[in-house]
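A.B. asks: If it helps, the file is called input-v4.csv and holds CSV, C-alpha atoms and all ligand atoms:
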```csv
chain,number,residue,atom,x,y,z
N,1,MET,CA,71.1,104.6,90.2
N,2,THR,CA,70.7,108.1,88.8
N,3,ASP,CA,73.4,110.9,88.7
N,4,THR,CA,71.2,113.0,91.0
N,5,GLN,CA,67.7,113.2,92.3
N,6,VAL,CA,66.6,116.4,90.5
N,7,ALA,CA,68.2,117.9,87.4
N,8,ILE,CA,67.7,121.6,87.3
N,9,VAL,CA,68.1,123.3,84.0
N,10,GLY,CA,68.9,127.0,84.5
N,11,ALA,CA,70.8,128.8,87.3
N,12,GLY,CA,68.5,131.9,87.5
N,13,PRO,CA,66.6,132.8,90.6
N,14,ALA,CA,64.1,129.9,90.2
N,15,GLY,CA,66.6,127.1,89.6
N,16,LEU,CA,69.1,128.2,92.3
N,17,LEU,CA,66.4,128.8,94.9
N,18,LEU,CA,64.8,125.4,94.2
N,19,SER,CA,68.2,123.6,94.6
N,20,HIS,CA,68.7,125.5,97.9
N,21,LEU,CA,65.2,124.5,99.3
N,22,LEU,CA,65.6,120.9,98.1
N,23,ALA,CA,68.9,120.7,99.8
N,24,MET,CA,67.3,121.8,103.1
N,25,ASP,CA,65.1,118.8,102.7
N,26,GLY,CA,68.0,116.5,102.0
N,27,ILE,CA,67.3,116.2,98.2
N,28,GLU,CA,70.2,116.4,95.9
N,29,SER,CA,70.3,118.3,92.6
N,30,ILE,CA,72.6,119.2,89.8
N,31,VAL,CA,72.1,122.7,88.3
N,32,ILE,CA,73.3,123.5,84.8
N,33,ASP,CA,73.3,126.7,82.8
N,34,SER,CA,74.4,127.6,79.4
N,35,ARG,CA,75.8,131.0,80.6
N,36,SER,CA,79.1,131.6,82.5
N,37,ARG,CA,79.0,132.5,86.2
N,38,GLU,CA,80.3,136.0,85.3
N,39,ASN,CA,77.5,136.5,82.8
N,40,ILE,CA,74.8,135.4,85.3
N,41,GLU,CA,76.3,137.6,88.1
N,42,ASP,CA,76.7,140.7,86.0
N,43,THR,CA,73.6,141.0,83.8
N,44,VAL,CA,71.4,143.8,84.9
N,45,ARG,CA,67.8,142.8,85.4
N,46,ALA,CA,64.9,143.9,87.5
N,47,GLY,CA,65.2,145.3,91.0
N,48,ILE,CA,62.0,144.9,93.1
N,49,LEU,CA,61.6,142.0,95.6
N,50,GLU,CA,58.1,141.4,97.1
N,51,HIS,CA,57.7,141.2,100.9
N,52,ASP,CA,57.5,137.4,100.9
N,53,THR,CA,60.4,137.0,98.4
N,54,VAL,CA,62.6,138.7,101.0
N,55,LYS,CA,61.2,136.5,103.7
N,56,VAL,CA,62.1,133.3,101.9
N,57,LEU,CA,65.6,134.6,101.1
N,58,THR,CA,66.3,135.6,104.7
N,59,GLU,CA,64.5,132.8,106.6
N,60,THR,CA,66.3,130.1,104.6
N,61,ALA,CA,69.6,131.9,105.0
N,62,ALA,CA,70.0,132.3,101.2
N,63,SER,CA,70.7,136.0,101.6
N,64,GLN,CA,71.3,138.2,104.6
N,65,ARG,CA,72.7,141.0,102.3
N,66,VAL,CA,69.3,141.9,101.1
N,67,LEU,CA,68.6,143.3,104.6
N,68,GLU,CA,71.9,145.1,104.7
N,69,ASP,CA,72.3,146.4,101.1
N,70,GLY,CA,68.7,146.4,100.0
N,71,ILE,CA,66.5,149.4,100.5
N,72,ARG,CA,63.0,149.0,101.8
N,73,HIS,CA,60.3,151.0,100.0
N,74,ASP,CA,56.9,151.5,101.6
N,75,GLY,CA,55.3,153.1,98.6
N,76,ILE,CA,55.5,154.3,95.0
N,77,GLU,CA,54.4,157.4,93.2
N,78,LEU,CA,51.9,157.3,90.4
N,79,ARG,CA,52.2,160.4,88.2
N,80,PHE,CA,49.8,161.6,85.6
N,81,ALA,CA,48.4,164.9,84.3
N,82,GLY,CA,51.3,166.7,85.9
N,83,ALA,CA,50.7,165.6,89.5
N,84,GLY,CA,52.1,162.8,91.7
N,85,HIS,CA,50.1,160.5,93.9
N,86,ARG,CA,51.7,158.4,96.6
N,87,ILE,CA,50.5,154.8,97.0
N,88,ASP,CA,51.3,154.1,100.7
N,89,PHE,CA,51.9,150.4,100.9
N,90,ALA,CA,52.6,150.3,104.6
N,91,LYS,CA,49.4,152.1,105.5
N,92,LEU,CA,47.2,150.2,102.9
N,93,VAL,CA,48.4,146.6,103.4
N,94,GLY,CA,51.1,146.7,106.1
N,95,ARG,CA,53.7,145.3,103.7
N,96,GLY,CA,56.6,146.9,101.6
N,97,VAL,CA,59.0,145.8,98.9
N,98,TRP,CA,62.8,145.8,98.7
N,99,LEU,CA,64.9,147.4,96.1
N,100,TYR,CA,67.7,144.8,95.6
N,101,PRO,CA,68.8,144.0,92.1
N,102,GLN,CA,68.3,140.5,90.7
N,103,HIS,CA,72.0,140.0,90.0
N,104,GLU,CA,72.7,140.5,93.7
N,105,VAL,CA,70.1,137.9,94.5
N,106,LEU,CA,71.9,135.6,92.1
N,107,ARG,CA,75.3,136.3,93.6
N,108,ASP,CA,74.0,135.4,97.0
N,109,LEU,CA,72.3,132.2,95.8
N,110,ILE,CA,75.4,131.1,93.9
N,111,ALA,CA,77.6,131.7,96.9
N,112,THR,CA,75.2,129.9,99.2
N,113,ARG,CA,75.0,126.9,96.9
N,114,LEU,CA,78.7,126.6,96.3
N,115,ALA,CA,79.5,126.9,100.0
N,116,ALA,CA,77.1,123.9,100.5
N,117,GLY,CA,79.1,121.9,97.9
N,118,GLN,CA,76.4,122.1,95.3
N,119,ALA,CA,77.1,120.9,91.8
N,120,LEU,CA,76.7,124.0,89.6
N,121,ARG,CA,77.7,123.5,86.0
N,122,PHE,CA,78.1,126.7,84.1
N,123,GLU,CA,78.5,126.9,80.3
N,124,THR,CA,76.7,123.6,80.0
N,125,SER,CA,73.5,123.6,77.9
N,126,ALA,CA,70.6,121.1,77.8
N,127,THR,CA,70.0,119.9,74.3
N,128,GLY,CA,67.1,117.6,74.9
N,129,VAL,CA,65.0,116.1,77.7
N,130,ASP,CA,63.2,112.8,78.1
N,131,ALA,CA,61.1,112.5,81.2
N,132,ASP,CA,58.3,110.0,80.4
N,133,ALA,CA,60.0,107.0,82.1
N,134,ASP,CA,61.0,106.6,85.7
N,135,VAL,CA,64.6,107.7,84.9
N,136,VAL,CA,64.8,111.1,83.4
N,137,ARG,CA,67.5,111.9,81.0
N,138,VAL,CA,68.8,115.4,80.1
N,139,ALA,CA,71.2,115.5,77.2
N,140,THR,CA,73.9,118.2,77.6
N,141,VAL,CA,76.8,119.8,75.8
N,142,ASP,CA,79.6,121.6,77.7
N,143,GLN,CA,81.7,124.6,76.7
N,144,SER,CA,84.2,122.4,74.8
N,145,GLY,CA,81.3,121.0,72.7
N,146,ALA,CA,81.5,117.6,74.4
N,147,PRO,CA,78.1,115.9,74.6
N,148,GLY,CA,77.0,114.4,78.0
N,149,ALA,CA,73.9,113.4,79.9
N,150,ILE,CA,72.5,113.7,83.4
N,151,THR,CA,70.1,111.1,84.7
N,152,ALA,CA,67.7,112.0,87.5
N,153,GLU,CA,64.4,111.2,89.1
N,154,PHE,CA,62.9,114.5,88.0
N,155,VAL,CA,63.9,117.4,85.7
N,156,VAL,CA,62.9,121.1,86.3
N,157,GLY,CA,63.0,123.6,83.5
N,158,ALA,CA,64.1,126.9,85.1
N,159,ASP,CA,65.8,127.8,81.8
N,160,GLY,CA,64.1,131.1,80.9
N,161,SER,CA,61.9,132.2,78.1
N,162,ARG,CA,63.7,130.1,75.4
N,163,SER,CA,63.4,127.0,77.6
N,164,VAL,CA,64.6,123.7,76.1
N,165,VAL,CA,62.6,121.8,78.9
N,166,ARG,CA,59.4,123.5,77.7
N,167,ALA,CA,59.8,121.9,74.3
N,168,PHE,CA,59.5,118.5,76.1
N,169,VAL,CA,56.7,119.6,78.4
N,170,THR,CA,54.5,121.1,75.8
N,171,GLY,CA,55.8,119.4,72.6
N,172,ALA,CA,56.8,122.8,71.2
N,173,THR,CA,59.0,125.8,72.3
N,174,ASP,CA,56.2,128.3,71.6
N,175,SER,CA,53.0,126.6,72.8
N,176,GLY,CA,51.0,128.8,75.1
N,177,HIS,CA,49.1,132.0,75.5
N,178,PHE,CA,50.7,135.1,74.2
N,179,HIS,CA,50.0,138.8,74.3
N,180,GLU,CA,52.3,141.3,72.4
N,181,TYR,CA,52.6,145.0,73.2
N,182,PRO,CA,53.4,147.7,70.6
N,183,PHE,CA,56.1,149.3,72.8
N,184,ALA,CA,59.2,148.5,74.8
N,185,TRP,CA,61.4,150.2,77.5
N,186,PHE,CA,64.6,152.0,76.8
N,187,GLY,CA,66.6,151.5,80.1
N,188,ILE,CA,69.6,153.4,81.3
N,189,LEU,CA,72.0,153.2,84.3
N,190,CYS,CA,73.5,156.5,85.3
N,191,GLU,CA,75.8,157.9,87.9
N,192,ALA,CA,73.6,160.2,90.0
N,193,PRO,CA,72.0,160.4,93.4
N,194,PRO,CA,68.3,159.4,93.6
N,195,SER,CA,65.8,161.9,92.2
N,196,ALA,CA,63.0,160.9,94.5
N,197,PRO,CA,62.7,158.9,97.7
N,198,GLU,CA,60.6,156.2,96.0
N,199,LEU,CA,60.0,154.9,92.5
N,200,ILE,CA,58.0,157.1,90.1
N,201,TYR,CA,55.7,155.5,87.5
N,202,SER,CA,54.7,158.3,85.2
N,203,ASN,CA,52.0,158.4,82.5
N,204,SER,CA,52.4,161.4,80.2
N,205,GLU,CA,51.4,162.5,76.7
N,206,HIS,CA,55.1,162.0,75.8
N,207,GLY,CA,55.0,158.4,76.9
N,208,PHE,CA,55.6,156.5,80.1
N,209,ALA,CA,58.7,156.9,82.3
N,210,LEU,CA,59.8,154.9,85.3
N,211,ILE,CA,62.3,156.5,87.7
N,212,SER,CA,63.9,153.6,89.6
N,213,GLN,CA,67.0,153.4,91.7
N,214,ARG,CA,70.0,151.1,92.3
N,215,SER,CA,72.0,152.8,95.1
N,216,ALA,CA,73.0,156.2,96.5
N,217,THR,CA,75.2,156.8,93.5
N,218,VAL,CA,73.6,154.8,90.6
N,219,GLN,CA,70.1,155.1,89.2
N,220,ARG,CA,68.0,152.9,86.8
N,221,MET,CA,65.4,154.6,84.7
N,222,TYR,CA,63.2,153.6,81.7
N,223,LEU,CA,61.4,155.4,78.9
N,224,GLN,CA,58.6,153.9,76.9
N,225,CYS,CA,59.9,153.4,73.3
N,226,ASP,CA,59.4,151.7,70.0
N,227,PRO,CA,60.5,148.0,70.2
N,228,ASP,CA,62.9,148.7,67.3
N,229,LEU,CA,64.7,151.7,68.9
N,230,ASP,CA,68.5,151.7,68.6
N,231,PRO,CA,69.6,152.3,72.2
N,232,GLU,CA,72.5,154.5,70.9
N,233,ALA,CA,70.1,156.6,68.8
N,234,MET,CA,69.7,159.4,71.3
N,235,SER,CA,72.4,161.6,72.9
N,236,ASP,CA,72.6,161.8,76.7
N,237,ALA,CA,71.0,165.3,76.5
N,238,GLU,CA,68.1,164.0,74.4
N,239,VAL,CA,67.5,161.2,76.9
N,240,TRP,CA,67.4,163.6,79.8
N,241,GLU,CA,65.1,165.9,78.0
N,242,GLN,CA,62.7,163.0,77.4
N,243,PHE,CA,62.8,162.0,81.1
N,244,ARG,CA,62.2,165.6,82.2
N,245,LEU,CA,59.3,166.0,79.8
N,246,ARG,CA,57.7,162.8,81.1
N,247,VAL,CA,57.9,163.5,84.8
N,248,ALA,CA,57.4,167.3,84.7
N,249,PRO,CA,57.1,169.3,86.8
N,250,HIS,CA,59.0,166.9,89.1
N,251,ASP,CA,62.8,167.7,88.7
N,252,LEU,CA,65.4,165.0,88.0
N,253,VAL,CA,69.1,164.9,88.9
N,254,ASP,CA,71.0,163.8,85.8
N,255,GLY,CA,74.4,162.3,85.4
N,256,PRO,CA,76.6,160.3,83.1
N,257,ILE,CA,74.8,157.4,81.4
N,258,PHE,CA,76.9,154.3,81.4
N,259,GLN,CA,74.6,151.6,80.2
N,260,ARG,CA,71.7,151.5,77.7
N,261,ASP,CA,69.4,148.7,76.7
N,262,VAL,CA,66.0,148.0,75.2
N,263,LEU,CA,63.6,145.6,76.9
N,264,ARG,CA,60.8,144.1,74.7
N,265,PHE,CA,57.5,143.5,76.3
N,266,ARG,CA,55.5,140.3,76.1
N,267,SER,CA,53.0,138.4,78.2
N,268,PHE,CA,53.2,134.6,77.9
N,269,VAL,CA,51.9,131.5,79.8
N,270,SER,CA,53.0,128.1,78.7
N,271,SER,CA,50.2,125.7,77.6
N,272,SER,CA,51.3,123.3,80.3
N,273,LEU,CA,53.7,123.4,83.2
N,274,ARG,CA,54.2,119.7,83.8
N,275,ARG,CA,54.6,116.4,81.9
N,276,GLY,CA,55.5,113.2,83.6
N,277,ARG,CA,58.7,113.8,85.6
N,278,ALA,CA,59.3,117.3,84.2
N,279,ALA,CA,58.0,120.7,85.4
N,280,LEU,CA,58.6,124.3,84.4
N,281,VAL,CA,59.2,127.3,86.8
N,282,GLY,CA,59.9,131.0,86.3
N,283,ASP,CA,60.3,132.5,82.8
N,284,ALA,CA,60.3,129.0,81.3
N,285,ALA,CA,56.6,128.8,82.4
N,286,HIS,CA,55.6,132.4,81.9
N,287,THR,CA,56.8,135.9,81.1
N,288,VAL,CA,55.3,139.2,82.2
N,289,PRO,CA,56.0,142.8,81.1
N,290,PRO,CA,58.2,144.6,83.7
N,291,THR,CA,55.7,147.3,84.7
N,292,GLY,CA,54.4,145.3,87.7
N,293,ALA,CA,57.8,144.2,88.9
N,294,LYS,CA,56.5,140.6,89.1
N,295,GLY,CA,59.0,138.4,87.1
N,296,LEU,CA,61.4,137.3,89.7
N,297,ASN,CA,58.8,137.2,92.4
N,298,LEU,CA,56.6,134.9,90.4
N,299,ALA,CA,59.5,132.6,89.9
N,300,VAL,CA,60.0,132.4,93.7
N,301,ALA,CA,56.3,131.6,94.2
N,302,ASP,CA,56.4,128.8,91.6
N,303,VAL,CA,59.4,127.3,93.5
N,304,LEU,CA,57.5,127.5,96.8
N,305,VAL,CA,54.8,125.3,95.3
N,306,LEU,CA,57.1,122.9,93.5
N,307,ALA,CA,59.7,122.3,96.3
N,308,PRO,CA,57.2,120.5,98.7
N,309,ALA,CA,55.7,118.6,95.8
N,310,LEU,CA,59.1,117.3,94.8
N,311,ARG,CA,59.8,116.4,98.4
N,312,ALA,CA,56.6,114.4,98.7
N,313,LEU,CA,57.2,112.7,95.4
N,314,ILE,CA,60.9,111.8,95.9
N,315,ALA,CA,61.0,111.1,99.6
N,316,ASN,CA,57.6,109.3,99.8
N,317,GLY,CA,56.5,108.5,96.3
N,318,ASP,CA,53.4,110.7,96.9
N,319,GLN,CA,52.1,112.0,93.6
N,320,ALA,CA,49.2,114.2,94.9
N,321,LEU,CA,51.1,117.5,95.3
N,322,ILE,CA,53.0,117.2,92.0
N,323,ASP,CA,49.7,116.5,90.2
N,324,GLY,CA,48.3,119.7,91.7
N,325,TYR,CA,51.4,121.8,90.9
N,326,ALA,CA,50.3,123.4,87.6
N,327,GLU,CA,46.9,124.3,88.9
N,328,GLN,CA,48.2,125.9,92.1
N,329,ALA,CA,51.0,127.8,90.4
N,330,LEU,CA,48.8,129.0,87.5
N,331,ALA,CA,46.2,130.6,89.9
N,332,ARG,CA,48.9,133.1,91.0
N,333,VAL,CA,50.5,133.3,87.5
N,334,TRP,CA,47.2,134.6,86.0
N,335,LYS,CA,46.7,137.1,88.8
N,336,ALA,CA,50.2,138.4,88.1
N,337,GLN,CA,49.5,138.4,84.4
N,338,HIS,CA,46.5,140.5,84.9
N,339,PHE,CA,48.2,142.9,87.3
N,340,SER,CA,51.2,143.3,84.9
N,341,TRP,CA,49.0,143.9,81.9
N,342,TRP,CA,46.8,146.3,83.9
N,343,MET,CA,49.7,148.4,85.0
N,344,THR,CA,51.1,148.4,81.5
N,345,GLN,CA,48.0,149.4,79.7
N,346,MET,CA,47.1,152.0,82.3
N,347,LEU,CA,50.4,153.7,82.4
N,348,HIS,CA,51.7,153.6,78.8
N,349,ARG,CA,50.8,156.0,76.0
N,350,GLN,CA,48.7,154.1,73.5
N,351,ASP,CA,49.3,155.5,70.1
N,352,SER,CA,46.3,153.7,68.6
N,353,ALA,CA,43.9,155.3,71.2
N,354,ASP,CA,41.6,158.1,70.1
N,355,ALA,CA,40.6,161.0,72.4
N,356,PHE,CA,38.1,158.7,74.2
N,357,GLY,CA,40.8,156.2,74.8
N,358,HIS,CA,43.2,158.8,76.3
N,359,LEU,CA,40.6,160.4,78.5
N,360,ARG,CA,39.3,156.9,79.6
N,361,GLN,CA,42.9,156.1,80.7
N,362,LEU,CA,43.1,159.2,82.9
N,363,GLY,CA,39.7,158.2,84.3
N,364,GLU,CA,41.2,154.8,85.2
N,365,LEU,CA,44.2,156.4,86.9
N,366,ARG,CA,41.9,158.6,88.9
N,367,SER,CA,39.7,155.6,89.9
N,368,VAL,CA,42.9,154.2,91.5
N,369,VAL,CA,44.3,157.2,93.3
N,370,ASP,CA,41.0,158.7,94.4
N,371,SER,CA,39.8,155.5,96.0
N,372,GLU,CA,41.3,153.7,98.9
N,373,ALA,CA,39.9,150.4,97.5
N,374,GLY,CA,41.7,151.2,94.2
N,375,GLN,CA,44.9,152.0,95.9
N,376,ARG,CA,44.7,148.9,98.1
N,377,TYR,CA,44.4,146.6,95.1
N,378,LEU,CA,47.5,148.1,93.6
N,379,ALA,CA,49.4,147.9,96.9
N,380,GLU,CA,48.3,144.3,97.6
N,381,ALA,CA,49.4,143.1,94.1
N,382,TYR,CA,52.6,145.1,94.0
N,383,THR,CA,53.9,144.0,97.4
N,384,GLY,CA,52.7,140.5,96.5
N,385,TRP,CA,49.9,138.1,97.5
N,386,PRO,CA,51.0,135.8,100.4
N,387,MET,CA,53.2,133.0,99.1
N,388,PRO,CA,52.5,129.4,99.9
N,389,GLY,CA,53.9,128.1,103.2
N,390,LEU,CA,54.9,131.5,104.6
I,401,LIG,C1,64.0,148.2,88.0
I,401,LIG,O1,64.5,148.9,88.9
I,401,LIG,O2,64.7,147.7,87.2
I,401,LIG,C2,62.5,148.1,87.9
I,401,LIG,C3,61.7,148.6,89.0
I,401,LIG,C4,60.4,148.4,88.9
I,401,LIG,C5,59.8,147.9,87.8
I,401,LIG,C6,60.6,147.4,86.7
I,401,LIG,C7,62.0,147.5,86.8
I,401,LIG,O3,58.4,147.8,87.7
```
So, in terms of structure tokens, how does the structure I just supplied come out?

C.D. replies:
Amino acid sequence: MTDTQVAIVGAGPAGLLLSHLLAMDGIESIVIDSRSRENIEDTVRAGILEHDTVKVLTETAASQRVLEDGIRHDGIELRFAGAGHRIDFAKLVGRGVWLYPQHEVLRDLIATRLAAGQALRFETSATGVDADADVVRVATVDQSGAPGAITAEFVVGADGSRSVVRAFVTGATDSGHFHEYPFAWFGILCEAPPSAPELIYSNSEHGFALISQRSATVQRMYLQCDPDLDPEAMSDAEVWEQFRLRVAPHDLVDGPIFQRDVLRFRSFVSSSLRRGRAALVGDAAHTVPPTGAKGLNLAVADVLVLAPALRALIANGDQALIDGYAEQALARVWKAQHFSWWMTQMLHRQDSADAFGHLRQLGELRSVVDSEAGQRYLAEAYTGWPMPGL
């Protein structure tokens, strides 16, 4: 007998959603996370949910709040050379996205799991995994420093970019395909009403800016910056000046800035997603830069491939789906890698580019906004390719 059927390392969107979907199929899991519940529920992350992510959350009753408190967006604005161009998702692909912050998704998932009696162990870290034999063993340590272990029939690494499970699956923590970018985002939260009805992605000679939102009274915005920028280096007035320069002549409503952070950019895909009775999902398997708003959505798509594969394996001893997991998940992962890289390189100021490089970039932006086919590719990728089983 094992402690549970599936040990899930990581209580982020991927780990919690997986435990929810498995429970709907009568499969038990234990979820552990090194962070505290408060830390998970309060950390500000991304904010855009694809059409099918919202469908999964609502149809499986993981979150109804997304429909009440989330805001549906049917387009974005691309700005460059001083003009804005709306990409009309609804008209182009008949789908939209929802602005609903990741930490709200996590609050909903944690509440749903706890209400169902789920074992969620916060402040408990995995220190090692052995999943080559029929019984999987996850070594753990809890907040008091006491060592422990969980035995299971399968272990899933949903433990983020510094995944411990990945070390077992690939034989190293850093084995995979990397792409580094010479810039980062300086993000702020401020008290102000929205400055525009939809998100603005702005390319400018002063660098990229993203005007996003959180609610009627709180806004989230980002400036392209040096990865080593000290988030406290600029005064509020200097921050607003940069935002204004980068979206001009569009005007912005400013307000008190109450949080600042720097997000480093990286693209990564793990060299393998599965070994024996272990598999990786979400950021443990891959990382994308935030420009395409794909991170959380890609984690959800992985889980929709893995959940039926685990059901077949655990309920029926059927290996076929789990053997196909990596290939099926990676097909979407690499499309999302391309889209995230493409948006990033198209929209950011590239300091290493010569005049040819800058003018070529404007040509690329024009190729998108002047063409319905170009706009449709962006709309299709941003709102999300259809997810498996939906
Ligand atoms: C956000 O609101 O945090 C956000 C929105 C869109 C992105 C990235 C981040 O592409």

A.B. asks: Looking at N:Ser195, N:Gln319, N:Ser161, N:Ser202, which one is nearest to N:Val288, with distances taken over all atoms listed in the file?

C.D. replies: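 Going through N:Ser195, N:Gln319, N:Ser161, N:Ser202 one by one, the smallest distance to N:Val288 is for N:Ser161.
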
A.B. asks: Could I get the residue neighbourhood of ligand LIG 401 (chain I) at 7 Å, counting all atoms listed in the file, as a ChimeraX atom specification?

C.D. replies: /N:45-48,212-214,220,290-293

A.B. asks: Using the selection just defined, write its residues with C-alpha atoms as a PDB file, in the frame of the given file.

C.D. replies:
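Saved file result23.pdb follows:
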```
ATOM      1  CA  ARG N  45      67.800 142.800  85.400  1.00  0.00           C
ATOM      2  CA  ALA N  46      64.900 143.900  87.500  1.00  0.00           C
ATOM      3  CA  GLY N  47      65.200 145.300  91.000  1.00  0.00           C
ATOM      4  CA  ILE N  48      62.000 144.900  93.100  1.00  0.00           C
ATOM      5  CA  SER N 212      63.900 153.600  89.600  1.00  0.00           C
ATOM      6  CA  GLN N 213      67.000 153.400  91.700  1.00  0.00           C
ATOM      7  CA  ARG N 214      70.000 151.100  92.300  1.00  0.00           C
ATOM      8  CA  ARG N 220      68.000 152.900  86.800  1.00  0.00           C
ATOM      9  CA  PRO N 290      58.200 144.600  83.700  1.00  0.00           C
ATOM     10  CA  THR N 291      55.700 147.300  84.700  1.00  0.00           C
ATOM     11  CA  GLY N 292      54.400 145.300  87.700  1.00  0.00           C
ATOM     12  CA  ALA N 293      57.800 144.200  88.900  1.00  0.00           C
TER      13      ALA N 293
END
```

A.B. asks: Between N:Ala373, N:Ser267, N:Ile257, N:His206, which is the closest to N:Gln350 once you count only C-alpha atoms?

C.D. replies: N:His206

A.B. asks: Around the point (59.3, 114.9, 82.6) in the file's coordinates, collect all residues with an atom within 6 Å, using all atoms listed in the file, and return them as number ranges by chain.

C.D. replies: N: 131-132, 275-278

A.B. asks: Neighbours of N:Pro197 within 12 Å (all atoms listed in the file; same-chain residues fewer than 4 positions away dropped), as an mmCIF file with C-alpha atoms, in the coordinates of the input?

C.D. replies:
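As written to disk, result_15.cif reads:
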```
data_model
loop_
_atom_site.group_PDB
_atom_site.id
_atom_site.type_symbol
_atom_site.label_atom_id
_atom_site.label_comp_id
_atom_site.auth_asym_id
_atom_site.auth_seq_id
_atom_site.Cartn_x
_atom_site.Cartn_y
_atom_site.Cartn_z
ATOM 1 C CA ILE N 71 66.500 149.400 100.500
ATOM 2 C CA ARG N 72 63.000 149.000 101.800
ATOM 3 C CA HIS N 73 60.300 151.000 100.000
ATOM 4 C CA ASP N 74 56.900 151.500 101.600
ATOM 5 C CA GLY N 75 55.300 153.100 98.600
ATOM 6 C CA ILE N 76 55.500 154.300 95.000
ATOM 7 C CA GLU N 77 54.400 157.400 93.200
ATOM 8 C CA ARG N 86 51.700 158.400 96.600
ATOM 9 C CA LEU N 99 64.900 147.400 96.100
ATOM 10 C CA PRO N 193 72.000 160.400 93.400
ATOM 11 C CA ILE N 211 62.300 156.500 87.700
ATOM 12 C CA SER N 212 63.900 153.600 89.600
ATOM 13 C CA GLN N 213 67.000 153.400 91.700
ATOM 14 C CA ARG N 214 70.000 151.100 92.300
ATOM 15 C CA SER N 215 72.000 152.800 95.100
ATOM 16 C CA ALA N 216 73.000 156.200 96.500
ATOM 17 C CA GLN N 219 70.100 155.100 89.200
ATOM 18 C CA LEU N 252 65.400 165.000 88.000
#
```

A.B. asks: Tell me which protein, DNA and RNA residues are within 7 Å of stretch 179-190 of chain N, counting only C-alpha atoms, leaving out same-chain ones fewer than 2 positions away, and put them as a list in words.

C.D. replies: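 Here the answer would be His177, Ala192, Val218, Gln219, Arg220, Met221, Tyr222, Leu223, Gln224, Cys225, Asp226, Pro227, Pro231, Gly255, Pro256, Ile257, Phe258, Gln259, Arg260, Asp261, Val262, Leu263, Arg264, Phe265, Arg266, Ser267 and Phe268 of chain N.
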
A.B. asks: Would you write out those residues with C-alpha atoms, as an mmCIF file, keeping the file's coordinate frame?

C.D. replies:
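Done, and the output landed in result-v2.cif:
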```
data_model
loop_
_atom_site.group_PDB
_atom_site.id
_atom_site.type_symbol
_atom_site.label_atom_id
_atom_site.label_comp_id
_atom_site.auth_asym_id
_atom_site.auth_seq_id
_atom_site.Cartn_x
_atom_site.Cartn_y
_atom_site.Cartn_z
ATOM 1 C CA HIS N 177 49.100 132.000 75.500
ATOM 2 C CA ALA N 192 73.600 160.200 90.000
ATOM 3 C CA VAL N 218 73.600 154.800 90.600
ATOM 4 C CA GLN N 219 70.100 155.100 89.200
ATOM 5 C CA ARG N 220 68.000 152.900 86.800
ATOM 6 C CA MET N 221 65.400 154.600 84.700
ATOM 7 C CA TYR N 222 63.200 153.600 81.700
ATOM 8 C CA LEU N 223 61.400 155.400 78.900
ATOM 9 C CA GLN N 224 58.600 153.900 76.900
ATOM 10 C CA CYS N 225 59.900 153.400 73.300
ATOM 11 C CA ASP N 226 59.400 151.700 70.000
ATOM 12 C CA PRO N 227 60.500 148.000 70.200
ATOM 13 C CA PRO N 231 69.600 152.300 72.200
ATOM 14 C CA GLY N 255 74.400 162.300 85.400
ATOM 15 C CA PRO N 256 76.600 160.300 83.100
ATOM 16 C CA ILE N 257 74.800 157.400 81.400
ATOM 17 C CA PHE N 258 76.900 154.300 81.400
ATOM 18 C CA GLN N 259 74.600 151.600 80.200
ATOM 19 C CA ARG N 260 71.700 151.500 77.700
ATOM 20 C CA ASP N 261 69.400 148.700 76.700
ATOM 21 C CA VAL N 262 66.000 148.000 75.200
ATOM 22 C CA LEU N 263 63.600 145.600 76.900
ATOM 23 C CA ARG N 264 60.800 144.100 74.700
ATOM 24 C CA PHE N 265 57.500 143.500 76.300
ATOM 25 C CA ARG N 266 55.500 140.300 76.100
ATOM 26 C CA SER N 267 53.000 138.400 78.200
ATOM 27 C CA PHE N 268 53.200 134.600 77.900
#
```

A.B. asks: By how many Å are atom CA of N:Gly128 and atom CA of N:Leu22 apart?

C.D. replies: 23.5 Å

A.B. asks: For stretch 239-249 of chain N, work out the shell of residues within 9 Å, counting only C-alpha atoms and skipping chain neighbours fewer than 5 positions away, then give it as a PyMOL selection string.

C.D. replies: chain N and resi 79-80+82-83+200-211+221-223+234+254

A.B. asks: Determine the nearest neighbour of N:Arg121 from the options N:Val281, N:Leu78, N:Ala329, N:Val141, counting all atoms listed in the file.

C.D. replies: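 Under the stated criterion, the closest residue is N:Val141.
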
A.B. asks: One decimal, Å: what's the distance from atom CA of N:Pro101 over to atom CA of N:Gly117, could you say?

C.D. replies: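 About the pair atom CA of N:Pro101 and atom CA of N:Gly117: they are 25.1 Å apart.
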
A.B. asks: Can you work out which one of N:Arg35, N:Arg107, N:Arg360, N:Arg113 has the shortest atom-to-atom distance to N:Ser19, counting only C-alpha atoms?

C.D. replies: N:Arg113
